[in-house]
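Undergrad: The following block contains the structure, expressed as structure tokens.
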Amino acid sequence: MKKAIIFALVLVSAFAVFASAAPEAAKTSNKITVGATPEPHAEMLNLVIEDLKAQGYELVVQEFTDYVTPNEAVESGEIDANFFQHIPYLESFNKERGFHLFNAGGIHIEPLALYSKKYKALADLPQNAKIAIPNDPTNEGRALLLLASAGLIALDDPSNLEATPINITKNEKNISFVEVEAASLPRVLEDVDAAVINGNYAIPAGLSAAKDGLVVEGADSPYVNVIAVKAGNESNPAIVALVKALQSDKIKNWVADKYKNGEVVVVF
């Protein structure tokens, strides 16, 4: 009899603990943690924190300064989504790492551009110039396609988004290419003749594609920056709400006001 009473008390205690924990679990179930590079991605996310809060979601923005860690964090489930990359990079990352990242929605394009601290025009680039380009596969290919579009080089396949310097078939200025991590390109700009820099790293460095770019990517670029999640999570109501908040007039108007020179172009 005593054993039965003790067992019953244990069950009651366990239920009490569970009941007390349940409300807390409910509180945190609507938390969305998103990894992002600082500008403009984290800025955009911070703009919609209150909008999502009004819908019952807590948005936490975690900043990253590289392109690898935030994808690993999404794949492992450490964070719910990330916002920094374009579609070709996401697809390449999945292929190389066996990851399961999924495009939950496109937000904007950051035109890639060629910058120089030494020369004011493309024609001024000298023979044997050194040009720094991103060293990750898709952004390297993107950079070479940009230079090919300007006639600086020619590639064996103009549609190859993952071209590398070995795919160059014509290089009349005998340009040498310095492959650098994308985040470091603004820092090496002083040390080379020119550098092809991604928008999210050019903008914080005070570079404007429209004003400073010797060559600028066209608005028809396929490199749309997206909210990336692990496949299967794209229909999660919290993710749907996040994408909708970013694809809003609020973000469109903010971009139009802040990036008047076209450094960022929305796609919705």
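A note on labels: chains of the structure tokens are A, B, ... as shown, every chain counts residues from 1, and ligands are counted from 1 in their shown order.
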Mind listing the strand (DSSP E) residues of region 96-146 of chain A, per DSSP on the backbone, as a list in words?

TA: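 DSSP-assigned strand (DSSP E) residues in region 96-146 of chain A: Leu101, Phe102, Asn103, Ala104, Gly105, Gly106, Ile107, His108, Ile109, Ala113, Leu114, Tyr115, Lys130, Ile131, Ala132, Ile133 and Pro134 of chain A.
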
Undergrad: Could you pull out all residues of region 176-216 of chain A with a DSSP call of helix (DSSP H, G or I) and give them as a list in words?

TA: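 Here are the helix (DSSP H, G or I) residues of region 176-216 of chain A: Ala182, Ala183, Ser184, Leu185, Pro186, Arg187, Val188, Leu189, Glu190, Asp191, Gly199, Asn200, Tyr201, Ala202, Ala209, Ala210, Lys211 and Asp212 of chain A.
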
Undergrad: Which residue gives the smallest distance to Asp193 (chain A) among A:Pro126, A:Gly56, A:Gly213, A:Pro158, with only C-alpha atoms counted?

TA: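 Closest to Asp193 (chain A), using only C-alpha atoms: A:Pro126.
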
Undergrad: Pick out the residues sitting within 12 Å of Ala148 (chain A), and hand them over as a count of residues only; count only C-alpha atoms, and ignore anything fewer than 4 positions along from it in its own chain.

TA: 26

Undergrad: Considering only C-alpha atoms, can you say which of A:Glu75, A:Glu96, A:Asp136, A:Glu43 comes closest to Asn233 (chain A)?

TA: A:Glu75

Undergrad: From the set A:Leu122, A:Ile166, A:Ala256, A:Ala150, which residue has the shortest atom-to-atom contact distance to Ala194 (chain A), counting only C-alpha atoms?

TA: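 For Ala194 (chain A), the nearest of the candidates is A:Leu122.
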
Undergrad: Name all residues at most 8 Å from Ile87 (chain A) (count only C-alpha atoms; drop same-chain ones fewer than 4 positions away) and give them as a PyMOL selection string.

TA: chain A and resi 91+103+222-226

Undergrad: With distances taken over only C-alpha atoms, which residue among A:Val192, A:Val265, A:Ala241, A:Ile131 lies nearest Leu59 (chain A)?

TA: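 Ranked by minimum distance to Leu59 (chain A), first place goes to A:Ala241.
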
Undergrad: Report as a PDB file with C-alpha atoms, in the first residue's frame all protein, DNA and RNA residues lying within 9 Å of region 47-53 of chain A, evaluated on only C-alpha atoms, omitting residues in the same chain fewer than 5 positions from it.

TA:
```
ATOM      1  CA  ALA A  42      21.270  41.904 -40.427  1.00  0.00           C
ATOM      2  CA  GLU A  58      10.642  36.385 -31.419  1.00  0.00           C
ATOM      3  CA  LEU A  59      13.323  37.081 -34.026  1.00  0.00           C
ATOM      4  CA  VAL A  60      16.922  36.749 -32.857  1.00  0.00           C
ATOM      5  CA  VAL A  61      19.600  37.967 -35.287  1.00  0.00           C
ATOM      6  CA  ALA A 238       7.583  31.099 -38.546  1.00  0.00           C
ATOM      7  CA  ALA A 241       6.171  34.881 -41.647  1.00  0.00           C
ATOM      8  CA  LEU A 242       9.853  35.872 -41.737  1.00  0.00           C
ATOM      9  CA  ALA A 245       8.050  40.404 -43.375  1.00  0.00           C
ATOM     10  CA  LEU A 246      11.176  40.871 -45.507  1.00  0.00           C
ATOM     11  CA  LYS A 250       8.717  48.514 -45.412  1.00  0.00           C
ATOM     12  CA  ILE A 251      11.907  46.821 -46.663  1.00  0.00           C
TER      13      ILE A 251
END
```

Undergrad: Skipping near chain neighbours, those fewer than 5 positions away, what residues fall within 6 Å of region 174-191 of chain A using only C-alpha atoms, listed as a ChimeraX atom specification?

TA: /A:128-135

Undergrad: Restricting the calculation to only C-alpha atoms, which member of A:Pro38, A:Pro137, A:Pro237, A:Gly77 is positioned closest to Gln62 (chain A)?

TA: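 That would be A:Pro38, the residue with the smallest distance to Gln62 (chain A).
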